[in-house]
Amino acid sequence: MNDKELLGLEEPEKPNFFISLADLMSAAALVILLFTLFAFVQALDAAATNQLIYEEVIGIKAKIIERISNTMNQELGFERNQENAAVTINKEDLTLRIREDIFFDSGESTLKKSAGQPLNGLIKAFTKVLEDDELRNYISVILIEGHCDTTGSAELNWRLSTERALNVVQYLHDKSDILRVKYPSYFGAAGYSKFRPINENVLSLNRRIEIRVILKDDALLKQINRFLKREK
């Protein structure tokens, strides 16, 4: 026994710690896993939030379309969704489709007498919507579209489809001082000849007048921004 041992000064033996590469890798993997889980939870939360926002945005537009559609339906005064109805309305995109045989003879652009009843109903419907300040704020244009089938040349059908659309707009304005004087800028006309068929096999379905109520993007954005601010 040496002097240090007699005096109790001998330093105790130090434990021998050795951190293996495997231990370092395990620790690093654990840290990475924790960060991955944290990022995944955040992503789930963000995805859920984005889904809620998306659903709300879609809901806002759907509610506006439903209000305009319901307002128009109250004024039309006839069945709109039967297979042979003079006018059918798509509540998803506010497109009204009118049978050609109700409005025009084959190859003609002059309105028939049978067009009077459905057109007068449309005058009431458009007046009701445009006279509503809130609903009018969402409307960009009421576009009257003429469509033809493949009978005859494309040039002939361009002229025919355009003239038909213009004559519908003219009738709406001639029969309504309100639409002609207060809201002429809301109406447009376009002819698409044979190039937008809805059925390649049934030509009579392609001969039609369609009226599309097109909404304003900026008015929709204002509603969406109000929702986003409310969510913050």
# chains A, B, ... in the order shown; residues from 1 in each chain; ligands from 1

call {"tool": "residues_around", "arguments": {"residues": "region 88-95 of chain A", "least_positions_apart": "4", "cutoff": "12 Å", "atoms": "only C-alpha atoms", "output": "PyMOL selection string"}}
result
chain A and resi 58-59+61-73+76+78-84+99+118+122+139+141-145+208-215

call {"tool": "write_last_selection", "arguments": {"atoms": "N, CA and C atoms", "output": "tab-separated table (two decimals), in the first residue's frame"}}
result
chain	number	residue	atom	x	y	z
A	58	ILE	N	-66.95	27.30	-50.90
A	58	ILE	CA	-67.92	26.65	-51.77
A	58	ILE	C	-69.33	26.90	-51.27
A	59	GLY	N	-69.48	26.88	-49.96
A	59	GLY	CA	-70.79	27.11	-49.36
A	59	GLY	C	-71.30	28.52	-49.61
A	61	LYS	N	-70.62	30.50	-52.19
A	61	LYS	CA	-71.08	30.59	-53.58
A	61	LYS	C	-72.38	29.84	-53.77
A	62	ALA	N	-72.49	28.67	-53.15
A	62	ALA	CA	-73.71	27.87	-53.30
A	62	ALA	C	-74.92	28.60	-52.72
A	63	LYS	N	-74.73	29.27	-51.60
A	63	LYS	CA	-75.84	30.00	-50.98
A	63	LYS	C	-76.29	31.16	-51.86
A	64	ILE	N	-75.34	31.85	-52.48
A	64	ILE	CA	-75.69	32.97	-53.37
A	64	ILE	C	-76.46	32.44	-54.58
A	65	ILE	N	-75.95	31.35	-55.18
A	65	ILE	CA	-76.63	30.75	-56.33
A	65	ILE	C	-78.03	30.29	-55.95
A	66	GLU	N	-78.15	29.69	-54.77
A	66	GLU	CA	-79.46	29.21	-54.33
A	66	GLU	C	-80.44	30.38	-54.14
A	67	ARG	N	-79.98	31.48	-53.58
A	67	ARG	CA	-80.86	32.63	-53.37
A	67	ARG	C	-81.33	33.21	-54.70
A	68	ILE	N	-80.42	33.35	-55.65
A	68	ILE	CA	-80.81	33.87	-56.96
A	68	ILE	C	-81.75	32.90	-57.66
A	69	SER	N	-81.44	31.62	-57.61
A	69	SER	CA	-82.27	30.61	-58.25
A	69	SER	C	-83.67	30.58	-57.65
A	70	ASN	N	-83.76	30.60	-56.33
A	70	ASN	CA	-85.07	30.58	-55.67
A	70	ASN	C	-85.88	31.82	-56.01
A	71	THR	N	-85.21	32.97	-56.06
A	71	THR	CA	-85.91	34.21	-56.40
A	71	THR	C	-86.46	34.15	-57.81
A	72	MET	N	-85.69	33.61	-58.74
A	72	MET	CA	-86.16	33.48	-60.12
A	72	MET	C	-87.29	32.47	-60.22
A	73	ASN	N	-87.15	31.36	-59.52
A	73	ASN	CA	-88.17	30.31	-59.59
A	73	ASN	C	-89.53	30.81	-59.11
A	76	LEU	N	-91.09	32.62	-62.18
A	76	LEU	CA	-91.27	31.97	-63.48
A	76	LEU	C	-92.68	31.44	-63.66
A	78	PHE	N	-94.04	28.42	-63.89
A	78	PHE	CA	-94.36	27.20	-64.62
A	78	PHE	C	-93.32	26.15	-64.28
A	79	GLU	N	-93.64	24.89	-64.62
A	79	GLU	CA	-92.72	23.80	-64.30
A	79	GLU	C	-91.43	23.97	-65.10
A	80	ARG	N	-90.30	23.85	-64.40
A	80	ARG	CA	-89.02	24.12	-65.07
A	80	ARG	C	-88.15	22.89	-65.22
A	81	ASN	N	-88.44	21.82	-64.53
A	81	ASN	CA	-87.51	20.70	-64.51
A	81	ASN	C	-88.06	19.44	-65.18
A	82	GLN	N	-89.24	19.50	-65.80
A	82	GLN	CA	-89.74	18.37	-66.53
A	82	GLN	C	-88.97	18.21	-67.83
A	83	GLU	N	-88.96	17.00	-68.35
A	83	GLU	CA	-88.16	16.72	-69.55
A	83	GLU	C	-88.56	17.59	-70.73
A	84	ASN	N	-89.85	17.85	-70.87
A	84	ASN	CA	-90.33	18.62	-72.02
A	84	ASN	C	-90.69	20.06	-71.66
A	99	ARG	N	-85.98	25.45	-74.88
A	99	ARG	CA	-86.16	24.66	-76.09
A	99	ARG	C	-86.31	25.56	-77.30
A	118	PRO	N	-93.05	32.06	-71.74
A	118	PRO	CA	-91.81	31.86	-71.00
A	118	PRO	C	-90.94	33.11	-70.92
A	122	LEU	N	-89.51	35.13	-67.67
A	122	LEU	CA	-88.11	35.49	-67.47
A	122	LEU	C	-87.96	36.98	-67.17
A	139	ILE	N	-74.15	39.92	-59.45
A	139	ILE	CA	-74.33	39.55	-60.85
A	139	ILE	C	-73.44	40.39	-61.75
A	141	VAL	N	-73.18	39.56	-65.41
A	141	VAL	CA	-73.89	39.68	-66.68
A	141	VAL	C	-74.91	38.55	-66.79
A	142	ILE	N	-75.99	38.84	-67.49
A	142	ILE	CA	-76.96	37.82	-67.87
A	142	ILE	C	-76.76	37.60	-69.37
A	143	LEU	N	-76.11	36.50	-69.71
A	143	LEU	CA	-75.66	36.26	-71.08
A	143	LEU	C	-76.64	35.35	-71.81
A	144	ILE	N	-77.22	35.86	-72.90
A	144	ILE	CA	-78.12	35.08	-73.75
A	144	ILE	C	-77.29	34.43	-74.85
A	145	GLU	N	-77.34	33.10	-74.93
A	145	GLU	CA	-76.51	32.36	-75.89
A	145	GLU	C	-77.39	31.60	-76.88
A	208	ARG	N	-80.88	25.38	-79.28
A	208	ARG	CA	-81.41	25.87	-78.02
A	208	ARG	C	-80.95	27.30	-77.76
A	209	ILE	N	-81.63	27.94	-76.83
A	209	ILE	CA	-81.17	29.19	-76.25
A	209	ILE	C	-80.78	28.90	-74.80
A	210	GLU	N	-79.62	29.34	-74.41
A	210	GLU	CA	-79.21	29.23	-73.01
A	210	GLU	C	-78.99	30.62	-72.44
A	211	ILE	N	-79.38	30.79	-71.19
A	211	ILE	CA	-79.18	32.06	-70.50
A	211	ILE	C	-78.35	31.77	-69.25
A	212	ARG	N	-77.19	32.36	-69.19
A	212	ARG	CA	-76.29	32.13	-68.05
A	212	ARG	C	-76.20	33.39	-67.20
A	213	VAL	N	-76.51	33.22	-65.92
A	213	VAL	CA	-76.35	34.31	-64.95
A	213	VAL	C	-74.94	34.16	-64.37
A	214	ILE	N	-74.05	35.05	-64.78
A	214	ILE	CA	-72.64	34.95	-64.40
A	214	ILE	C	-72.37	35.87	-63.20
A	215	LEU	N	-71.77	35.29	-62.17
A	215	LEU	CA	-71.54	36.03	-60.94
A	215	LEU	C	-70.24	36.82	-60.99

call {"tool": "atom_distance", "arguments": {"atom1": "CA of Gly107 (chain A)", "atom2": "CA of Glu155 (chain A)"}}
result
13.0 Å

call {"tool": "residues_around", "arguments": {"residues": "region 165-170 of chain A", "least_positions_apart": "2", "cutoff": "8 Å", "atoms": "only C-alpha atoms", "output": "list in words"}}
result
Ser109, Thr110, Leu111, Ile144, Glu145, Gly146, Ser161, Thr162, Glu163, Leu172, His173, Asp174, Phe187, Gly188, Ala189, Ala190, Gly191 and Ile209 of chain A

call {"tool": "select_by_dssp", "arguments": {"residues": "region 120-187 of chain A", "states": "strand (DSSP E)", "output": "ChimeraX atom specification"}}
result
/A:139-147,187

call {"tool": "atom_distance", "arguments": {"atom1": "CA of Val129 (chain A)", "atom2": "CA of Lys175 (chain A)"}}
result
16.8 Å

call {"tool": "closest_atom_pairs", "arguments": {"of": "region 101-195 of chain A", "to": "region 201-207 of chain A", "cutoff": "6 Å", "atoms": "only C-alpha atoms", "output": "JSON lines"}}
result
{"residue": "A:His147", "atom": "CA", "partner": "A:Arg207", "partner_atom": "CA", "distance": 5.4}
{"residue": "A:Cys148", "atom": "CA", "partner": "A:Arg207", "partner_atom": "CA", "distance": 4.4}
{"residue": "A:Asp149", "atom": "CA", "partner": "A:Asn206", "partner_atom": "CA", "distance": 5.4}

call {"tool": "closest_residue", "arguments": {"among": "A:Ile60, A:Ile123, A:Leu135, A:Ile32", "to": "Asp177 (chain A)", "atoms": "only C-alpha atoms"}}
result
A:Ile123

call {"tool": "atom_distance", "arguments": {"atom1": "CA of Pro184 (chain A)", "atom2": "CA of Pro197 (chain A)"}}
result
28.6 Å

call {"tool": "residues_around", "arguments": {"residues": "Asn137 (chain A)", "least_positions_apart": "3", "cutoff": "9 Å", "atoms": "only C-alpha atoms", "output": "PyMOL selection string"}}
result
chain A and resi 130+132-134+140+215-216+219

call {"tool": "select_by_dssp", "arguments": {"residues": "region 141-194 of chain A", "states": "helix (DSSP H, G or I)", "output": "PyMOL selection string"}}
result
chain A and resi 154-174+177-182+184-186
